[in-house]
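Novice: Have a look at this one.
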Amino acid sequence: MIGRVALPVPCRTRRGPVVDDDRPSLHQECPAITFAHRPHSQIAERSQTYNKTVTASIRDADPIRRRRGRRRDYAQGLVTRPAPIELPRLDGRRFVVTGGAAGLGYFTSERLAGLGAQVTIAARHAGRAAAAIAAIRRIHPDAVIDHRALDLASLAAVRDAAAAIAADGPIDGLVANAGALPWDRPGDTAEGHEGVFGTNQLGHFALMARLWPAFAPTASIVALGSTTHRRARLDFADLESRRAIPMRRYGRSKLAVMTTAVELDRRIRAAGLARRSVIAHPGYASGALDPARPGVTPARSSAAFRLAIRGWANSKREGAEIVAAAALLGAGGELWGPTGGAFGLKGAPRREPLAGAVLDPEAGARLWAASEELTGVEWRIGPAR
């Protein structure tokens with residue numbers, strides 16, 4: 001007579017966060033394991049194997065252990081910095097960087113200029129742009145770099161800037177870097193649109209649409225994304241998010257920017273064009289960690305503050321490496337971000353999967369049509385000639 005031995009296992013317990021992998025999770029239904037009657041040594045061997053598996057699951061689901069893992073990542077970040085990756089030379093090619101006079105935009109301009117590109121800094125303040133150009137030429141004396149005035153919070157200024165930029169010749173790449181935070185621009189744009197959405201989404205939409213005929217056949221258009229989009233949802237009844245709290249307003253504006261980039265990629269592919277629409281997010285990029293650039297970078301923060309954020313933050317120069325990699329190596333529809341760090345906000349460039357609301361084709365088409373209506377600029381992606 002053959003008997004069966006059931007090993008009791010913990011089921012339906014709710015300890016710890018969900019484990020998103022192939023190992024047994026304590027959030028899952030755990031069927032009892034049964035063994036046919038066998039010699040004791042075989043039963044013991046199988047029991048030990050199962051117990052090791054369950055123990056590993058408990059260990060990985062344990063929030064304390066997961067926090068310890070983040071501490072190790074943080075400690076590793078204190079002593080390592082992402083090295084610049086190998087990027088191609090850009091001699092004879094022209095790139096436009098919006099907001100290229102400061103912060104992430106400045107270091108993106110510096111990196112592209114160092115690769116031999118002709119760089120146009122499109123920014124509001126002529127004085128800051130002049131300081132940025134001087135700083136780049138101190139590092140790269142042969143840099144070919146100029147400035148064109150651009151205020152994304154004024155659609156009339158966007159029209160004039162696009163005409164001036166297009167008149168300078170074909171564009172091989174646009175980095176749509178400039179943007180507004182709620183506390184940077186609390187008021188409305190010149191046309192009465194909400195300031196954050198009007199700058200981040202509508203200003204860049206109008207600029208890209210007006211520059212479209214000037215883009216080279218293989219040009220790349222890079223949109224600056226943000227991890228804040230993951231918690232955001234577009235509300236077409238309140239597209240400019242006037243009823244939302246400030247950070248939700250910002251997250252929705254970045255979701256709109258990324259949704260537009262994905263929709264642009266769809267239309268490029270449908271038209272059979274070789275241009276590329278790519279998204280980059282630099283992680284948490286802090287100017288406190290940047291190398292000094294007189295007239296451009298802010299005064300150095302305290303050593304204690306720099307040490308505190310080093311384990312989970314990139315410098316803006318390191319963030320710019322991600323943006324440059326997306327512009328030069330990214331395929332259409334890709335998202336590029338940092339390799340990880342304690343919270344997934346720092347590290348060298350890598351491709352990341354896109355998921356969620358940003359991929360919704362219906363939302364992309366609605367947002368495109370709404371942006372055309374709000375800007376008064378029709379953007380048609382024609383087939384390749």
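Every chain in the structure tokens has a letter given in the order shown (A, B, ...), and although residue numbers restart at 1 in each chain, ligands are simply numbered from 1 in the order shown.
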Which residues are close to region 257-267 of chain A, i.e. within 10 Å by only C-alpha atoms, leaving aside same-chain residues fewer than 6 positions away? Reply as a count of residues only.
Specialist: 46
Novice: Go through region 74-322 of chain A and collect every residue that DSSP, computed from the backbone, puts in helix (DSSP H, G or I); the answer should be as a ChimeraX atom specification.
Specialist: /A:74-79,103-114,126-139,155-167,195-214,227-231,236-238,246-271,287-289,303-310,316-322
Novice: Applying 8 Å and only C-alpha atoms, which residues near Leu328 (chain A) remain after dropping the ones on its own chain fewer than 6 positions away? List them as an mmCIF file with N, CA and C atoms, in the first residue's frame.
Specialist:
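Output file part.cif is given in full below:
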data_model
loop_
_atom_site.group_PDB
_atom_site.id
_atom_site.type_symbol
_atom_site.label_atom_id
_atom_site.label_comp_id
_atom_site.auth_asym_id
_atom_site.auth_seq_id
_atom_site.Cartn_x
_atom_site.Cartn_y
_atom_site.Cartn_z
ATOM 1 N N LEU A 87 30.873 56.956 -28.151
ATOM 2 C CA LEU A 87 29.894 57.567 -29.047
ATOM 3 C C LEU A 87 30.591 57.963 -30.342
ATOM 4 N N PRO A 88 29.867 57.952 -31.457
ATOM 5 C CA PRO A 88 30.494 58.257 -32.751
ATOM 6 C C PRO A 88 30.834 59.735 -32.889
ATOM 7 N N SER A 220 17.551 62.623 -35.517
ATOM 8 C CA SER A 220 16.982 62.097 -34.278
ATOM 9 C C SER A 220 16.332 63.238 -33.508
#
Novice: Have a look at A:Ala153, A:Val323, A:Met247, A:Ile165 and name the one nearest to Thr375 (chain A); count only C-alpha atoms.
Specialist: A:Ala153
Novice: Determine, counting only C-alpha atoms, which protein, DNA and RNA residues have an atom within 6 Å of an atom of Gly99 (chain A); residues of the same chain fewer than 3 positions away are not included. Present the result as a PyMOL selection string.
Specialist: chain A and resi 105+122-123+177-178
Novice: Rank nothing, just name the residue among A:Ala320, A:Val119, A:Ala285, A:Leu255 nearest to Gly356 (chain A), using only C-alpha atoms.
Specialist: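 So, comparing all the options, the nearest one is A:Leu255.
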Novice: Among the residues of region 110-183 of chain A, find those DSSP assigns to strand (DSSP E or B) from the backbone and print them as a PyMOL selection string.
Specialist: chain A and resi 118-123+144-149+171-176
Novice: Can you spit out the residues from that selection as a tab-separated table (two decimals), in the first residue's frame, using C-alpha atoms?
Specialist:
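Writing done, so here's result_5.tsv:
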chain	number	residue	atom	x	y	z
A	118	GLN	CA	27.88	72.04	-34.69
A	119	VAL	CA	25.65	72.92	-31.75
A	120	THR	CA	22.90	75.52	-31.59
A	121	ILE	CA	21.88	76.46	-28.07
A	122	ALA	CA	18.23	77.50	-28.14
A	123	ALA	CA	17.58	79.39	-24.91
A	144	VAL	CA	31.37	75.31	-33.53
A	145	ILE	CA	28.54	76.62	-31.40
A	146	ASP	CA	25.99	79.43	-31.58
A	147	HIS	CA	22.85	80.70	-29.87
A	148	ARG	CA	19.29	81.32	-31.04
A	149	ALA	CA	16.72	82.96	-28.79
A	171	ILE	CA	19.27	69.71	-38.54
A	172	ASP	CA	20.67	66.27	-37.71
A	173	GLY	CA	19.33	66.17	-34.19
A	174	LEU	CA	17.08	68.03	-31.75
A	175	VAL	CA	17.33	67.52	-28.01
A	176	ALA	CA	14.07	68.87	-26.54
Novice: Which residue, A:Ala348, A:Leu207, A:Leu115, A:Leu239, has the smallest gap to Leu152 (chain A) when you use only C-alpha atoms?
Specialist: A:Leu207
Novice: Calculated over only C-alpha atoms, which of the candidates A:Ala101, A:Leu155, A:Ala113, A:Leu181 has the smallest distance to Arg138 (chain A)?
Specialist: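 Of the candidates, the smallest distance to Arg138 (chain A) is held by A:Ala113.
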Novice: Find the residues around Thr199 (chain A) up to 9 Å (only C-alpha atoms counted), leave out those fewer than 6 positions away in its own chain, and share them as a VMD selection string.
Specialist: chain A and resid 151 to 154 178 to 180 185 189 193 253
Novice: Please measure the separation of CA of Ala164 (chain A) and CA of Ile133 (chain A), giving the value in Å to one decimal.
Specialist: 18.5 Å
Novice: So how far away is CA of Ala369 (chain A) from CA of Ala271 (chain A), in Å?
Specialist: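 Between CA of Ala271 (chain A) and CA of Ala369 (chain A) the gap is 17.7 Å.
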Novice: With only C-alpha atoms as the atoms that count, which of A:His281, A:Arg310, A:His125, A:Arg293 lies nearest to Ala327 (chain A)?
Specialist: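 Looking only at the distances to Ala327 (chain A), the closest residue turns out to be A:His281.
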Novice: What is the distance, in Å and to one decimal place, between CA of Ala129 (chain A) and CA of Gly203 (chain A)?
Specialist: 19.3 Å
